[in-house]
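Listing of model36.cif, mmCIF, C-alpha atoms (C1' of nucleotides)
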data_work
loop_
_atom_site.label_atom_id
_atom_site.label_comp_id
_atom_site.auth_asym_id
_atom_site.auth_seq_id
_atom_site.Cartn_x
_atom_site.Cartn_y
_atom_site.Cartn_z
CA MET A 1 18.67 -32.77 -11.25
CA GLN A 2 17.86 -30.83 -14.35
CA ARG A 3 16.56 -27.38 -14.90
CA LEU A 4 13.80 -28.55 -17.13
CA PRO A 5 12.80 -26.49 -20.10
CA ARG A 6 14.43 -28.61 -22.77
CA THR A 7 14.59 -26.10 -25.58
CA PRO A 8 16.84 -23.04 -25.71
CA ARG A 9 13.77 -20.88 -25.98
CA GLY A 10 12.22 -22.57 -22.97
CA ALA A 11 15.32 -21.93 -20.95
CA ALA A 12 15.37 -18.30 -22.03
CA LEU A 13 11.71 -17.88 -21.13
CA MET A 14 12.31 -19.43 -17.74
CA ALA A 15 15.23 -17.09 -17.14
CA VAL A 16 13.05 -14.08 -17.89
CA ILE A 17 10.39 -15.29 -15.48
CA GLU A 18 12.93 -15.86 -12.74
CA GLU A 19 14.52 -12.46 -13.17
CA ALA A 20 11.13 -10.80 -13.33
CA ALA A 21 10.23 -12.45 -10.04
CA ALA A 22 13.50 -11.39 -8.46
CA LEU A 23 13.09 -7.81 -9.63
CA HIS A 24 9.52 -7.69 -8.41
CA LEU A 25 10.49 -8.91 -4.96
CA ARG A 26 13.36 -6.47 -4.74
CA ALA A 27 11.18 -3.58 -5.91
CA GLN A 28 8.57 -4.53 -3.35
CA ALA A 29 11.17 -4.50 -0.62
CA VAL A 30 12.35 -1.07 -1.69
CA VAL A 31 8.81 0.27 -1.82
CA GLU A 32 8.08 -1.27 1.54
CA GLN A 33 10.87 0.49 3.33
CA LEU A 34 10.29 3.64 1.34
CA HIS A 35 6.79 4.18 2.64
CA GLY A 36 7.67 2.73 6.01
CA ARG A 37 5.45 0.68 8.20
CA PRO A 38 3.19 3.28 9.77
CA GLU A 39 1.35 4.09 6.57
CA LEU A 40 -1.05 1.79 4.83
CA THR A 41 -0.50 -1.87 4.23
CA ASN A 42 0.36 -3.18 0.84
CA ALA A 43 -3.11 -4.41 -0.05
CA CYS A 44 -4.68 -1.12 1.00
CA ARG A 45 -2.24 0.76 -1.18
CA GLY A 46 -3.30 -1.43 -4.07
CA VAL A 47 -6.94 -0.50 -3.61
CA LEU A 48 -5.96 3.14 -3.30
CA ARG A 49 -4.11 2.93 -6.60
CA ASP A 50 -7.11 1.32 -8.25
CA LEU A 51 -9.35 4.09 -6.97
CA ALA A 52 -7.01 6.70 -8.37
CA ARG A 53 -6.70 4.93 -11.67
CA LEU A 54 -10.31 4.03 -12.20
CA GLY A 55 -12.22 6.66 -10.31
CA PRO A 56 -15.09 5.93 -7.92
CA ARG A 57 -16.15 2.29 -7.98
CA THR A 58 -18.27 -0.03 -5.95
CA VAL A 59 -16.62 -2.73 -3.90
CA PRO A 60 -17.68 -5.58 -6.20
CA GLN A 61 -16.33 -3.67 -9.19
CA LEU A 62 -12.99 -3.22 -7.46
CA ALA A 63 -12.91 -6.91 -6.59
CA ARG A 64 -13.56 -7.98 -10.15
CA GLY A 65 -10.80 -5.73 -11.44
CA ARG A 66 -8.42 -7.20 -8.90
CA GLU A 67 -9.36 -10.84 -9.24
CA CYS A 68 -9.86 -11.43 -5.59
CA SER A 69 -12.87 -12.00 -3.43
CA ARG A 70 -15.27 -9.13 -2.90
CA GLN A 71 -15.35 -9.92 0.81
CA HIS A 72 -11.68 -9.23 1.09
CA VAL A 73 -11.86 -6.02 -0.88
CA GLN A 74 -14.73 -5.00 1.35
CA VAL A 75 -12.52 -5.33 4.39
CA LEU A 76 -9.76 -3.30 2.77
CA VAL A 77 -12.18 -0.59 1.72
CA ASN A 78 -13.67 -0.44 5.19
CA ARG A 79 -10.19 -0.04 6.58
CA LEU A 80 -9.40 2.74 4.13
CA ALA A 81 -12.64 4.46 5.03
CA ALA A 82 -11.86 4.16 8.73
CA ASP A 83 -8.46 5.70 8.06
CA GLY A 84 -9.99 8.59 6.14
CA MET A 85 -8.35 7.60 2.87
CA ALA A 86 -11.60 6.77 1.13
CA GLU A 87 -15.23 7.66 1.55
CA LEU A 88 -18.50 6.10 0.55
CA ILE A 89 -20.80 8.23 -1.54
CA PRO A 90 -24.30 7.48 -2.73
CA ASN A 91 -24.47 5.50 -5.91
CA PRO A 92 -27.15 6.79 -8.25
CA ASP A 93 -27.27 3.39 -9.95
CA HIS A 94 -27.58 1.28 -6.86
CA ARG A 95 -28.99 2.22 -3.51
CA ARG A 96 -27.32 -0.52 -1.53
CA SER A 97 -23.85 -0.41 -3.00
CA PRO A 98 -22.20 2.96 -2.52
CA LEU A 99 -19.32 4.22 -4.61
CA VAL A 100 -15.92 4.27 -2.99
CA ARG A 101 -14.02 7.46 -3.65
CA LEU A 102 -10.62 8.76 -2.66
CA THR A 103 -10.71 11.51 -0.10
CA PRO A 104 -8.30 14.43 -0.43
CA ALA A 105 -6.25 12.79 2.31
CA GLY A 106 -6.14 9.58 0.31
CA ARG A 107 -5.08 11.48 -2.74
CA ASP A 108 -2.33 13.25 -0.82
CA THR A 109 -1.08 9.97 0.58
CA LEU A 110 -0.98 8.42 -2.85
CA GLU A 111 0.80 11.37 -4.37
CA ALA A 112 3.38 11.34 -1.61
CA MET A 113 3.93 7.65 -2.29
CA TRP A 114 4.34 8.23 -5.99
CA ARG A 115 6.68 11.12 -5.37
CA ARG A 116 8.91 9.00 -3.16
CA GLU A 117 8.89 6.18 -5.69
CA GLY A 118 9.52 8.51 -8.60
CA ASP A 119 12.45 10.10 -6.80
CA VAL A 120 14.12 6.76 -6.26
CA ILE A 121 13.50 5.67 -9.83
CA ASP A 122 14.72 8.88 -11.39
CA GLU A 123 17.94 8.81 -9.45
CA LEU A 124 18.98 5.28 -10.25
CA PRO A 125 22.45 5.50 -11.75
CA THR A 126 22.06 3.33 -14.79
CA ALA A 127 23.46 3.14 -18.26
CA LEU A 128 20.38 1.36 -19.55
CA GLN A 129 18.92 3.06 -22.60
CA VAL A 130 15.25 3.88 -22.95
CA GLY A 131 15.13 1.66 -26.03
CA GLU A 132 16.41 -1.35 -24.11
CA LEU A 133 13.91 -0.74 -21.36
CA GLU A 134 11.07 -0.53 -23.82
CA GLY A 135 12.22 -3.75 -25.43
CA ALA A 136 12.20 -5.48 -22.06
CA THR A 137 8.76 -4.11 -21.31
CA ARG A 138 7.45 -5.43 -24.57
CA VAL A 139 8.88 -8.88 -23.95
CA LEU A 140 7.43 -8.98 -20.46
CA ARG A 141 4.01 -7.93 -21.63
CA GLU A 142 3.99 -10.47 -24.41
CA MET A 143 4.95 -13.23 -22.03
CA ARG A 144 2.25 -12.24 -19.58
CA LEU A 145 -0.35 -12.29 -22.33
CA LEU A 146 0.88 -15.72 -23.38
CA LEU A 147 0.49 -17.01 -19.87
CA GLU A 148 -2.95 -15.53 -19.58
CA GLY A 149 -3.83 -17.69 -22.53
CA ALA A 150 -7.50 -18.47 -22.70
CA ARG A 151 -8.27 -17.30 -19.23
CA PRO A 152 -11.73 -17.52 -17.87
CA LEU A 153 -13.03 -14.27 -16.47
CA GLN A 154 -16.16 -12.56 -15.37
CA VAL A 155 -18.20 -15.36 -13.98
CA THR A 156 -19.98 -14.34 -10.78
CA LYS A 157 -23.16 -15.69 -9.25
CA GLU A 158 -21.10 -15.68 -6.14
CA GLU A 159 -18.32 -17.18 -8.27
CA GLN A 160 -20.42 -20.21 -9.24
CA ARG A 161 -20.14 -21.55 -5.70
CA MET B 1 -2.81 12.89 -10.56
CA GLN B 2 0.47 12.17 -12.20
CA ARG B 3 2.41 9.03 -12.75
CA LEU B 4 5.54 10.41 -11.20
CA PRO B 5 8.89 9.52 -12.70
CA ARG B 6 9.62 12.81 -14.40
CA THR B 7 12.24 11.69 -16.88
CA PRO B 8 11.68 9.47 -19.91
CA ARG B 9 14.13 6.98 -18.47
CA GLY B 10 12.33 7.00 -15.14
CA ALA B 11 9.04 6.29 -16.86
CA ALA B 12 10.62 3.46 -18.83
CA LEU B 13 12.13 1.96 -15.70
CA MET B 14 8.80 2.16 -13.95
CA ALA B 15 7.11 0.44 -16.87
CA VAL B 16 9.58 -2.44 -16.68
CA ILE B 17 8.97 -2.84 -12.96
CA GLU B 18 5.22 -2.85 -13.45
CA GLU B 19 5.34 -5.42 -16.22
CA ALA B 20 7.76 -7.55 -14.26
CA ALA B 21 5.37 -7.54 -11.34
CA ALA B 22 2.44 -8.42 -13.59
CA LEU B 23 4.34 -11.27 -15.21
CA HIS B 24 5.45 -12.58 -11.85
CA LEU B 25 1.92 -12.64 -10.52
CA ARG B 26 0.61 -14.33 -13.61
CA ALA B 27 3.38 -16.91 -13.58
CA GLN B 28 2.67 -17.59 -9.93
CA ALA B 29 -0.96 -18.16 -10.70
CA VAL B 30 -0.09 -20.58 -13.46
CA VAL B 31 2.36 -22.45 -11.24
CA GLU B 32 -0.18 -22.53 -8.47
CA GLN B 33 -2.82 -24.25 -10.50
CA LEU B 34 -0.24 -26.42 -12.20
CA HIS B 35 0.88 -28.11 -9.01
CA GLY B 36 -2.57 -27.98 -7.54
CA ARG B 37 -3.44 -27.56 -3.92
CA PRO B 38 -2.79 -30.99 -2.48
CA GLU B 39 0.98 -30.79 -2.84
CA LEU B 40 3.23 -28.49 -0.90
CA THR B 41 2.55 -24.87 -0.21
CA ASN B 42 4.41 -22.14 -2.00
CA ALA B 43 6.85 -21.37 0.78
CA CYS B 44 7.67 -25.03 1.27
CA ARG B 45 8.37 -25.37 -2.42
CA GLY B 46 10.78 -22.46 -2.13
CA VAL B 47 12.74 -24.19 0.61
CA LEU B 48 12.75 -27.39 -1.40
CA ARG B 49 14.20 -25.53 -4.36
CA ASP B 50 16.88 -24.00 -2.17
CA LEU B 51 17.80 -27.41 -0.84
CA ALA B 52 18.11 -28.76 -4.36
CA ARG B 53 20.11 -25.76 -5.50
CA LEU B 54 22.42 -25.42 -2.56
CA GLY B 55 22.64 -28.91 -1.13
CA PRO B 56 22.30 -29.76 2.55
CA ARG B 57 22.15 -26.67 4.74
CA THR B 58 21.27 -25.81 8.30
CA VAL B 59 18.09 -23.90 8.98
CA PRO B 60 19.87 -20.64 9.80
CA GLN B 61 21.86 -20.88 6.59
CA LEU B 62 18.66 -21.34 4.60
CA ALA B 63 17.10 -18.40 6.37
CA ARG B 64 20.02 -16.11 5.58
CA GLY B 65 19.92 -17.06 1.91
CA ARG B 66 16.23 -16.34 1.82
CA GLU B 67 16.19 -13.14 3.80
CA CYS B 68 13.51 -14.16 6.18
CA SER B 69 13.46 -15.10 9.81
CA ARG B 70 15.10 -18.34 10.84
CA GLN B 71 12.05 -19.13 12.99
CA HIS B 72 9.86 -19.13 9.94
CA VAL B 73 12.23 -21.28 7.93
CA GLN B 74 12.39 -23.64 10.87
CA VAL B 75 8.67 -24.14 10.71
CA LEU B 76 8.77 -24.77 6.98
CA VAL B 77 11.61 -27.25 7.34
CA ASN B 78 9.80 -29.07 10.12
CA ARG B 79 6.78 -29.31 7.88
CA LEU B 80 8.87 -30.67 5.01
CA ALA B 81 10.44 -33.19 7.36
CA ALA B 82 7.04 -34.27 8.62
CA ASP B 83 5.92 -34.71 5.03
CA GLY B 84 8.95 -36.83 4.22
CA MET B 85 10.33 -34.31 1.73
CA ALA B 86 13.42 -33.48 3.79
CA GLU B 87 15.38 -35.16 6.52
CA LEU B 88 17.72 -33.96 9.24
CA ILE B 89 21.16 -35.48 9.24
CA PRO B 90 23.96 -34.99 11.75
CA ASN B 91 26.10 -31.97 11.15
CA PRO B 92 29.78 -32.67 11.67
CA ASP B 93 30.40 -28.97 12.22
CA HIS B 94 27.67 -28.38 14.74
CA ARG B 95 26.11 -30.82 17.12
CA ARG B 96 22.93 -28.85 17.75
CA SER B 97 22.13 -27.71 14.25
CA PRO B 98 21.56 -30.63 11.89
CA LEU B 99 21.81 -30.36 8.15
CA VAL B 100 18.57 -30.39 6.19
CA ARG B 101 18.71 -32.63 3.16
CA LEU B 102 16.25 -33.54 0.44
CA THR B 103 14.92 -37.07 0.66
CA PRO B 104 14.40 -39.07 -2.53
CA ALA B 105 10.71 -38.32 -2.18
CA GLY B 106 11.49 -34.60 -2.02
CA ARG B 107 13.67 -34.89 -5.06
CA ASP B 108 10.97 -36.72 -6.96
CA THR B 109 8.40 -34.12 -6.03
CA LEU B 110 10.67 -31.32 -7.15
CA GLU B 111 11.47 -33.01 -10.43
CA ALA B 112 7.79 -33.58 -11.11
CA MET B 113 7.18 -29.89 -10.46
CA TRP B 114 9.96 -28.85 -12.78
CA ARG B 115 8.76 -31.22 -15.44
CA ARG B 116 5.25 -29.77 -15.32
CA GLU B 117 6.62 -26.25 -15.44
CA GLY B 118 9.01 -27.06 -18.24
CA ASP B 119 6.25 -28.59 -20.29
CA VAL B 120 4.16 -25.46 -20.05
CA ILE B 121 7.09 -23.21 -20.86
CA ASP B 122 8.27 -25.23 -23.80
CA GLU B 123 4.87 -25.26 -25.37
CA LEU B 124 4.14 -21.55 -25.22
CA PRO B 125 3.36 -20.46 -28.75
CA THR B 126 5.51 -17.39 -29.05
CA ALA B 127 7.40 -15.58 -31.75
CA LEU B 128 9.85 -14.13 -29.25
CA GLN B 129 13.45 -14.75 -30.20
CA VAL B 130 16.01 -16.11 -27.80
CA GLY B 131 18.04 -12.95 -28.30
CA GLU B 132 15.17 -10.74 -27.23
CA LEU B 133 14.57 -12.88 -24.19
CA GLU B 134 18.21 -12.70 -23.20
CA GLY B 135 18.13 -8.94 -23.61
CA ALA B 136 15.16 -8.70 -21.34
CA THR B 137 16.82 -10.95 -18.78
CA ARG B 138 19.88 -8.76 -18.80
CA VAL B 139 17.85 -5.60 -18.29
CA LEU B 140 15.92 -7.17 -15.45
CA ARG B 141 19.05 -8.39 -13.73
CA GLU B 142 20.72 -5.03 -14.03
CA MET B 143 17.70 -3.27 -12.58
CA ARG B 144 17.54 -5.67 -9.68
CA LEU B 145 21.20 -5.11 -8.92
CA LEU B 146 20.62 -1.37 -9.08
CA LEU B 147 17.80 -1.63 -6.59
CA GLU B 148 19.87 -3.80 -4.31
CA GLY B 149 22.26 -0.88 -4.22
CA ALA B 150 24.26 -0.75 -1.07
CA ARG B 151 22.17 -3.25 0.72
CA PRO B 152 22.95 -4.21 4.24
CA LEU B 153 23.30 -7.93 4.68
CA GLN B 154 24.57 -10.49 7.06
CA VAL B 155 23.96 -8.82 10.35
CA THR B 156 22.68 -11.35 12.89
CA LYS B 157 23.05 -11.33 16.64
CA GLU B 158 19.44 -12.27 16.47
CA GLU B 159 19.10 -9.54 13.83
CA GLN B 160 20.35 -6.81 16.16
CA ARG B 161 17.15 -7.06 18.18
"C1'" DC C 1 -47.06 -5.28 -10.24
"C1'" DG C 2 -45.06 -9.22 -7.69
"C1'" DC C 3 -41.48 -12.22 -6.91
"C1'" DA C 4 -37.65 -15.39 -7.53
"C1'" DG C 5 -33.02 -15.28 -8.03
"C1'" DG C 6 -28.82 -12.71 -8.15
"C1'" DA C 7 -26.02 -9.06 -5.92
"C1'" DT C 8 -24.31 -6.82 -1.87
"C1'" DG C 9 -22.52 -5.84 2.91
"C1'" DA C 10 -21.25 -7.87 7.10
"C1'" DC C 11 -19.54 -11.39 9.89
"C1'" DA C 12 -16.94 -15.62 10.95
"C1'" DA C 13 -13.71 -19.32 10.65
"C1'" DG C 14 -9.64 -20.72 8.83
"C1'" DA C 15 -5.30 -21.27 5.95
"C1'" DG C 16 -0.88 -19.57 4.62
"C1'" DC C 17 3.03 -16.44 5.18
"C1'" DC C 18 5.69 -13.89 7.99
"C1'" DT C 19 7.32 -11.16 12.20
"C1'" DT C 20 9.00 -10.36 16.92
"C1'" DG C 21 9.81 -12.00 21.51
"C1'" DT C 22 11.25 -15.48 24.75
"C1'" DC C 23 13.56 -19.52 26.76
"C1'" DA C 24 16.60 -23.20 27.53
"C1'" DA C 25 20.31 -25.66 25.68
"C1'" DT C 26 24.43 -25.56 23.18
"C1'" DA C 27 28.55 -23.50 20.66
"C1'" DT C 28 32.32 -20.40 20.28
"C1'" DG C 29 36.08 -17.53 21.10
"C1'" DG C 30 39.12 -14.97 23.89
"C1'" DC D 1 36.48 -21.15 31.82
"C1'" DC D 2 33.12 -17.99 31.00
"C1'" DA D 3 30.71 -14.35 28.60
"C1'" DT D 4 28.42 -13.99 24.40
"C1'" DA D 5 26.18 -15.67 20.35
"C1'" DT D 6 23.59 -19.22 18.02
"C1'" DT D 7 20.07 -22.52 17.62
"C1'" DG D 8 15.51 -24.95 18.10
"C1'" DA D 9 11.06 -24.59 19.88
"C1'" DC D 10 7.05 -22.25 21.25
"C1'" DA D 11 3.80 -18.34 21.42
"C1'" DA D 12 1.34 -14.34 20.04
"C1'" DG D 13 -0.01 -11.59 16.53
"C1'" DG D 14 -0.45 -9.08 11.93
"C1'" DC D 15 -1.53 -9.21 7.00
"C1'" DT D 16 -3.53 -11.35 2.92
"C1'" DC D 17 -6.83 -13.99 1.16
"C1'" DT D 18 -10.52 -17.83 0.92
"C1'" DT D 19 -14.99 -19.95 1.58
"C1'" DG D 20 -19.36 -20.07 3.77
"C1'" DT D 21 -23.46 -17.90 5.65
"C1'" DC D 22 -27.10 -14.34 6.47
"C1'" DA D 23 -30.23 -10.82 5.89
"C1'" DT D 24 -31.18 -7.39 2.93
"C1'" DC D 25 -31.56 -5.12 -1.25
"C1'" DC D 26 -32.14 -4.89 -6.32
"C1'" DT D 27 -33.50 -6.35 -10.95
"C1'" DG D 28 -35.61 -8.49 -14.51
"C1'" DC D 29 -39.25 -11.42 -16.10
"C1'" DG D 30 -43.67 -12.83 -16.43
#
Target format structure tokens, applied to this file:
Amino acid sequence: MQRLPRTPRGAALMAVIEEAAALHLRAQAVVEQLHGRPELTNACRGVLRDLARLGPRTVPQLARGRECSRQHVQVLVNRLAADGMAELIPNPDHRRSPLVRLTPAGRDTLEAMWRREGDVIDELPTALQVGELEGATRVLREMRLLLEGARPLQVTKEEQR
Amino acid sequence: MQRLPRTPRGAALMAVIEEAAALHLRAQAVVEQLHGRPELTNACRGVLRDLARLGPRTVPQLARGRECSRQHVQVLVNRLAADGMAELIPNPDHRRSPLVRLTPAGRDTLEAMWRREGDVIDELPTALQVGELEGATRVLREMRLLLEGARPLQVTKEEQR
DNA sequence: CGCAGGATGACAAGAGCCTTGTCAATATGG
DNA sequence: CCATATTGACAAGGCTCTTGTCATCCTGCG
């Protein structure tokens, strides 16, 4: 039973992917127990982050940016709205599709999350140098772009059925 | 609204985590469409990989190695057994808890998966050097170990209720 | 302007992943 | 030998996400 990239470079690429996956899972676990259960679910937090990063957006816009179905995003947004984390405001460009905006409560929640995460990150006792970290980041980004390759995007017409 | 690690190192660590997550998701998407839907689901593939890596194991052993509930792993194993990918063989050390072992069909399936993945990896057109990749792998591993910190493990007694 | 076709919100059914709780049968260790 | 723990099986339920369907709204084209 062979580990199958056959070139040294292939093996090294595979190792990076595996470690990236392991780190991601571990980081997610840390984040999970950091914000505890009671707060928002993972997917909701993702939408919240998008709203903070991108500003008010309609549901379909959020869905496109997230590469998942607009119906699902709709559910998440409705949940956030019900929880007072987001609100729907009139959209001057579209009467049927309101803009979703963070409420102050949503903003506070997000900032508390970021503060908790930042605290953990800043206190990690590591000897890693900023230069090494930047090198790793660059490698990871390049690999992601490679894997994105010629990716199709932006279709719609209800995703071509 | 601030991105909150306050030190340069914190920001660099955060960047690595974010890129690792992005790469992981992208790699998962590639793998997903590589093996197509008809085959096994993601979780089943994970168990299959564990079986190949670790050899015959009981369900509870698999669950502990995977940090998820034994009940869930049981379901996955039952599914694999039903699909002919794994088989249950008598366990000399435990009459009630059989060992789960890959069948030849399971092994073939796994090897086909690895071959497909290896082919994609080996053919990525990248200028990244093996040394850079190894550096990135080292950084990622170190960060994961940092985040594992003093992690509790191996509790049981039905997970302390 | 009028209208066809696309976009949007809402709802539903369903798949996959995972958890906790429970139960009966079996192991284990003192 | 017996209390305690483990194991397999089943159930209920939550979260994430998909696809399909509808009625309604919007937009662009003629």
- Selected by the PyMOL selection byres ((chain A and resi 106-112) around 10) in the shown coordinates: which residues, as a PyMOL selection string? (chain A and resi 35+39-40+45+48-49+51-52+80-81+83-87+101-105+113-118) or (chain B and resi 1-4)
Could you write out that same residue set with C-alpha atoms as a PDB file, in the frame of the given file?
ATOM      1  CA  HIS A  35       6.790   4.180   2.640  1.00  0.00           C
ATOM      2  CA  GLU A  39       1.350   4.090   6.570  1.00  0.00           C
ATOM      3  CA  LEU A  40      -1.050   1.790   4.830  1.00  0.00           C
ATOM      4  CA  ARG A  45      -2.240   0.760  -1.180  1.00  0.00           C
ATOM      5  CA  LEU A  48      -5.960   3.140  -3.300  1.00  0.00           C
ATOM      6  CA  ARG A  49      -4.110   2.930  -6.600  1.00  0.00           C
ATOM      7  CA  LEU A  51      -9.350   4.090  -6.970  1.00  0.00           C
ATOM      8  CA  ALA A  52      -7.010   6.700  -8.370  1.00  0.00           C
ATOM      9  CA  LEU A  80      -9.400   2.740   4.130  1.00  0.00           C
ATOM     10  CA  ALA A  81     -12.640   4.460   5.030  1.00  0.00           C
ATOM     11  CA  ASP A  83      -8.460   5.700   8.060  1.00  0.00           C
ATOM     12  CA  GLY A  84      -9.990   8.590   6.140  1.00  0.00           C
ATOM     13  CA  MET A  85      -8.350   7.600   2.870  1.00  0.00           C
ATOM     14  CA  ALA A  86     -11.600   6.770   1.130  1.00  0.00           C
ATOM     15  CA  GLU A  87     -15.230   7.660   1.550  1.00  0.00           C
ATOM     16  CA  ARG A 101     -14.020   7.460  -3.650  1.00  0.00           C
ATOM     17  CA  LEU A 102     -10.620   8.760  -2.660  1.00  0.00           C
ATOM     18  CA  THR A 103     -10.710  11.510  -0.100  1.00  0.00           C
ATOM     19  CA  PRO A 104      -8.300  14.430  -0.430  1.00  0.00           C
ATOM     20  CA  ALA A 105      -6.250  12.790   2.310  1.00  0.00           C
ATOM     21  CA  MET A 113       3.930   7.650  -2.290  1.00  0.00           C
ATOM     22  CA  TRP A 114       4.340   8.230  -5.990  1.00  0.00           C
ATOM     23  CA  ARG A 115       6.680  11.120  -5.370  1.00  0.00           C
ATOM     24  CA  ARG A 116       8.910   9.000  -3.160  1.00  0.00           C
ATOM     25  CA  GLU A 117       8.890   6.180  -5.690  1.00  0.00           C
ATOM     26  CA  GLY A 118       9.520   8.510  -8.600  1.00  0.00           C
TER      27      GLY A 118
ATOM     28  CA  MET B   1      -2.810  12.890 -10.560  1.00  0.00           C
ATOM     29  CA  GLN B   2       0.470  12.170 -12.200  1.00  0.00           C
ATOM     30  CA  ARG B   3       2.410   9.030 -12.750  1.00  0.00           C
ATOM     31  CA  LEU B   4       5.540  10.410 -11.200  1.00  0.00           C
TER      32      LEU B   4
END
- Query: For chain D, which residues have at least one atom within 9 Å of chain A, if we go by all atoms listed in the file? Write them as number ranges by chain, please.
  - Reply: D: 15-18, 25-26
- Would you translate the PyMOL selection byres ((chain A) within 7 of (chain B)) into the concrete set of residues it matches in this file, as number ranges by chain? A: 4-5, 7, 9-10, 12-13, 15-17, 19-21, 23-24, 26-27, 114-115, 118-119, 121-122, 124, 130, 133-134, 136-137, 139-141, 144, 146-147
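The residues returned by the PyMOL selection byres ((chain D and resi 12) around 9) for this structure are DG21 of chain C; DA11 and DG13 of chain D.
Here atom C1' of DT20 of chain C stands at a distance of 25.4 Å from atom CA of Ala82 of chain B.
All of the residues in chain C within 8 Å of chain B are DG16, DC17, DC18, DT19, DT26 and DA27 of chain C, where all atoms listed in the file were counted.
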Kindly compute an axis-aligned box around the listed atoms of segment 11-19 of chain C, allowing 5 Å on each side, and express its centre and edge lengths in Å to one decimal as lines of an AutoDock Vina configuration file.
center_x = -6.1
center_y = -16.2
center_z = 8.4
size_x = 36.9
size_y = 20.1
size_z = 17.6
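Separating atom CA of Val59 of chain B from atom CA of Val31 of chain A is a distance of 28.1 Å.
Here atom CA of Arg57 of chain A is placed at a distance of 20.9 Å from atom C1' of DT24 of chain D.
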